Amino acid sequence: MSRLLAPAPAGRLNAVRVLVVSYALVWVAVRAGHWLDVARLPRSRWQPVAFAEWIGPFGPATVVVLTVATAVAGVVAISGRWWTTAGAAFAIGFLVLTTFGNSWGTVLHTEQLVSLHLLVLAAAPAGTGRDATAGWPLRVLSAVTVATYFVSGVAKLRFGGGLDWLDGERLARLVAHDNVRKRLLGDDWSPLARHLVGHPVLFRGAAIATVVVELGAPLALLLGRRVRYAWVAAAWCFHVAVLAVMAILFPYPLTGIAFASMLPVERLGAGLRSRAGAWRQRAASARRGAPLLPRP
Amino acid sequence: MRRATGVRAAVVGAVAVLAVLLPIVRGRGDDSFPLSNYPMFTRDQPGETTFVRALGINAGGVEQVLPPEVAGGTIEVIHANRTLRQAVRDGRAPELCAEVAARALVSAPDVERVLIVTERYDVVAALRAERPEPVSRDVRAACEVDA
């Protein structure tokens, strides 16, 4: 318990909150077109997941209202003002819109983690003022992150043929299948995969590395900072490899924001503030006619 | 105050982590959102696989793959493809063909005819080929794009 409640470096929770909410806000803007598209599909295509069954398929007008309301809540939430209300409204709006978007026969796995992170953040303080060093929300966010990777690793062994998944043959066929499908459908595919499919040893190595990273994720919580950073680097490399070989983009981890709670992101804010301060000082000096460079 | 924070942290932490771990026990086809069992990358794809495609044919007889907005009514390729496969599986290919043709009339004006086809490919050979050729092809529905 004391480990969960131990303070974090000042400003880290605030920086994580701003990064995650900003990312989600951009995502809302990017995905609005898709949500509008699916809102116009025939109702026979509606295959609700989770609580979507109770809220039913929305029409385009409802999607527009929900998207705008969620975006407004997101803008307020980034500022940290009225966080309890704005954070909760944004997290719920994001969850409703993404659940709606995933209720048409295909669950995409790029929105789960950000949705879960927003819900955890909404239940936590904003990370400003006297809560600037609150550490428990960061630890819960990190635990949620590693838990998703762990579940994914278990799935490889449960659904992927047990230890046979590690021989890489399934992975090679999966990569070939995914790229051919994209190629035939006119989507972006990976020309790199074309050169790799003839080398089974590469896929054996990739399969083993994937399972090690996913099942080893809890170590990032249990061991020290170096192990945590090493795991974050390995997980990030995994997503880079998926992008390079399967043309599948997981933007949340690739931008590093999915791992922000495990990294010293408060330094980003401090760095930006110090640069802005220096810039303001230079601008003020220029207005006064003072030299821009210090005299020797 | 510290006690209240401790209770809040413990409850939020326990609920969040248990909720994420819970789908571990669900079956492969029982994926959901936002609590997933992450079944992607686990399917055992056969060496030869059938794909369903919506093709447009222009006045010169040239075939083109219809974009997902036309084929499935969404910008999402995977989503559009799922729609095509489901329609063929449910025996609704002619109905879907008419839907696609109606969208093609607006979004793909050079298309005169729409085909819904299932094609079988050797996936490794198709990926390595300059121009993938199917092992076999069945036309499930064909319809004209009428102005």
# chains A, B, ... in the order shown; residues from 1 in each chain; ligands from 1

$ residues_around --residues "stretch 44-46 of chain B" --least-positions-apart "3" --cutoff "10 Å" --atoms "only C-alpha atoms" --output "PyMOL selection string"
(chain A and resi 159-161+165+169-178) or (chain B and resi 41+49-50+122-123)

$ select_by_dssp --residues "stretch 51-104 of chain B" --states "strand (DSSP E)" --output "ChimeraX atom specification"
/B:51-58,63-65

$ write_last_selection --atoms "N, CA and C atoms" --output "PDB file, in the first residue's frame"
ATOM      1  N   PHE B  51     -10.258 -14.796 -50.130  1.00  0.00           N
ATOM      2  CA  PHE B  51     -10.547 -13.388 -49.868  1.00  0.00           C
ATOM      3  C   PHE B  51     -11.797 -12.992 -50.651  1.00  0.00           C
ATOM      4  N   VAL B  52     -12.579 -12.118 -50.090  1.00  0.00           N
ATOM      5  CA  VAL B  52     -13.747 -11.591 -50.795  1.00  0.00           C
ATOM      6  C   VAL B  52     -13.416 -10.161 -51.207  1.00  0.00           C
ATOM      7  N   ARG B  53     -13.712  -9.842 -52.467  1.00  0.00           N
ATOM      8  CA  ARG B  53     -13.406  -8.484 -52.930  1.00  0.00           C
ATOM      9  C   ARG B  53     -14.589  -7.927 -53.713  1.00  0.00           C
ATOM     10  N   ALA B  54     -14.702  -6.622 -53.680  1.00  0.00           N
ATOM     11  CA  ALA B  54     -15.667  -5.922 -54.540  1.00  0.00           C
ATOM     12  C   ALA B  54     -14.849  -5.253 -55.633  1.00  0.00           C
ATOM     13  N   LEU B  55     -15.097  -5.638 -56.883  1.00  0.00           N
ATOM     14  CA  LEU B  55     -14.330  -5.088 -58.002  1.00  0.00           C
ATOM     15  C   LEU B  55     -15.236  -4.239 -58.884  1.00  0.00           C
ATOM     16  N   GLY B  56     -14.650  -3.194 -59.426  1.00  0.00           N
ATOM     17  CA  GLY B  56     -15.385  -2.367 -60.390  1.00  0.00           C
ATOM     18  C   GLY B  56     -14.782  -2.592 -61.771  1.00  0.00           C
ATOM     19  N   ILE B  57     -15.640  -2.622 -62.795  1.00  0.00           N
ATOM     20  CA  ILE B  57     -15.140  -2.800 -64.166  1.00  0.00           C
ATOM     21  C   ILE B  57     -15.555  -1.571 -64.964  1.00  0.00           C
ATOM     22  N   ASN B  58     -14.584  -0.968 -65.654  1.00  0.00           N
ATOM     23  CA  ASN B  58     -14.909   0.239 -66.434  1.00  0.00           C
ATOM     24  C   ASN B  58     -15.288  -0.129 -67.868  1.00  0.00           C
ATOM     25  N   GLU B  63     -10.424  -4.093 -64.624  1.00  0.00           N
ATOM     26  CA  GLU B  63     -10.890  -4.309 -63.239  1.00  0.00           C
ATOM     27  C   GLU B  63     -10.136  -3.408 -62.277  1.00  0.00           C
ATOM     28  N   GLN B  64     -10.823  -2.914 -61.282  1.00  0.00           N
ATOM     29  CA  GLN B  64     -10.138  -2.186 -60.217  1.00  0.00           C
ATOM     30  C   GLN B  64     -10.775  -2.559 -58.874  1.00  0.00           C
ATOM     31  N   VAL B  65      -9.956  -2.534 -57.841  1.00  0.00           N
ATOM     32  CA  VAL B  65     -10.479  -2.808 -56.495  1.00  0.00           C
ATOM     33  C   VAL B  65     -11.232  -1.572 -56.048  1.00  0.00           C
TER      34      VAL B  65
END

$ interface_residues --of "chain B" --to "chain A" --cutoff "6 Å" --atoms "only C-alpha atoms" --output "PyMOL selection string"
chain B and resi 13+17+24+32+34+38-39+42+44-45+74+79+123-124+127-128

$ residues_around --residues "B:Gly60" --least-positions-apart "4" --cutoff "10 Å" --atoms "only C-alpha atoms" --output "PyMOL selection string"
chain B and resi 110-112

$ write_last_selection --atoms "C-alpha atoms" --output "CSV table (one decimal), in the first residue's frame"
chain,number,residue,atom,x,y,z
B,110,ASP,CA,-16.0,5.4,-64.4
B,111,VAL,CA,-17.2,2.0,-63.0
B,112,GLU,CA,-19.9,0.4,-65.2

$ atom_distance --atom1 "atom CA of A:Ala206" --atom2 "atom CA of A:Phe238"
8.8 Å

$ residues_around --residues "stretch 66-72 of chain A" --least-positions-apart "4" --cutoff "9 Å" --atoms "only C-alpha atoms" --output "list of chain:residue names"
A:Leu25, A:Val26, A:Val28, A:Ala29, A:Ala32, A:Ala61, A:Thr62, A:Val76, A:Ala77, A:Ala86, A:Ala89, A:Phe90, A:Ala91, A:Ile92, A:Gly93, A:Phe94, A:Val96, A:Leu97

$ residues_around --residues "stretch 7-16 of chain A" --least-positions-apart "2" --cutoff "7 Å" --atoms "only C-alpha atoms" --output "PyMOL selection string"
chain A and resi 5+18-20+126-128+132-135+138+260-261+264-266+269

$ write_last_selection --atoms "C-alpha atoms" --output "PDB file, in the first residue's frame"
ATOM      1  CA  LEU A   5       0.802   5.815  -2.337  1.00  0.00           C
ATOM      2  CA  VAL A  18      -2.049  16.648 -20.493  1.00  0.00           C
ATOM      3  CA  LEU A  19      -0.371  14.152 -22.862  1.00  0.00           C
ATOM      4  CA  VAL A  20      -3.082  11.479 -22.628  1.00  0.00           C
ATOM      5  CA  ALA A 126      -5.577  16.510 -11.872  1.00  0.00           C
ATOM      6  CA  GLY A 127      -1.991  16.501 -10.634  1.00  0.00           C
ATOM      7  CA  THR A 128      -1.868  20.223 -10.001  1.00  0.00           C
ATOM      8  CA  ALA A 132       1.344  17.726  -7.935  1.00  0.00           C
ATOM      9  CA  THR A 133       3.230  14.782  -6.427  1.00  0.00           C
ATOM     10  CA  ALA A 134       0.352  12.286  -6.384  1.00  0.00           C
ATOM     11  CA  GLY A 135       1.885   8.970  -7.376  1.00  0.00           C
ATOM     12  CA  LEU A 138       0.653   6.897 -12.277  1.00  0.00           C
ATOM     13  CA  ALA A 260       4.176   8.218 -20.269  1.00  0.00           C
ATOM     14  CA  SER A 261       3.283   7.167 -16.705  1.00  0.00           C
ATOM     15  CA  PRO A 264      10.088  11.179 -16.504  1.00  0.00           C
ATOM     16  CA  VAL A 265       7.727  13.165 -18.726  1.00  0.00           C
ATOM     17  CA  GLU A 266       7.589  16.050 -16.244  1.00  0.00           C
ATOM     18  CA  GLY A 269       7.129  20.361 -19.363  1.00  0.00           C
TER      19      GLY A 269
END
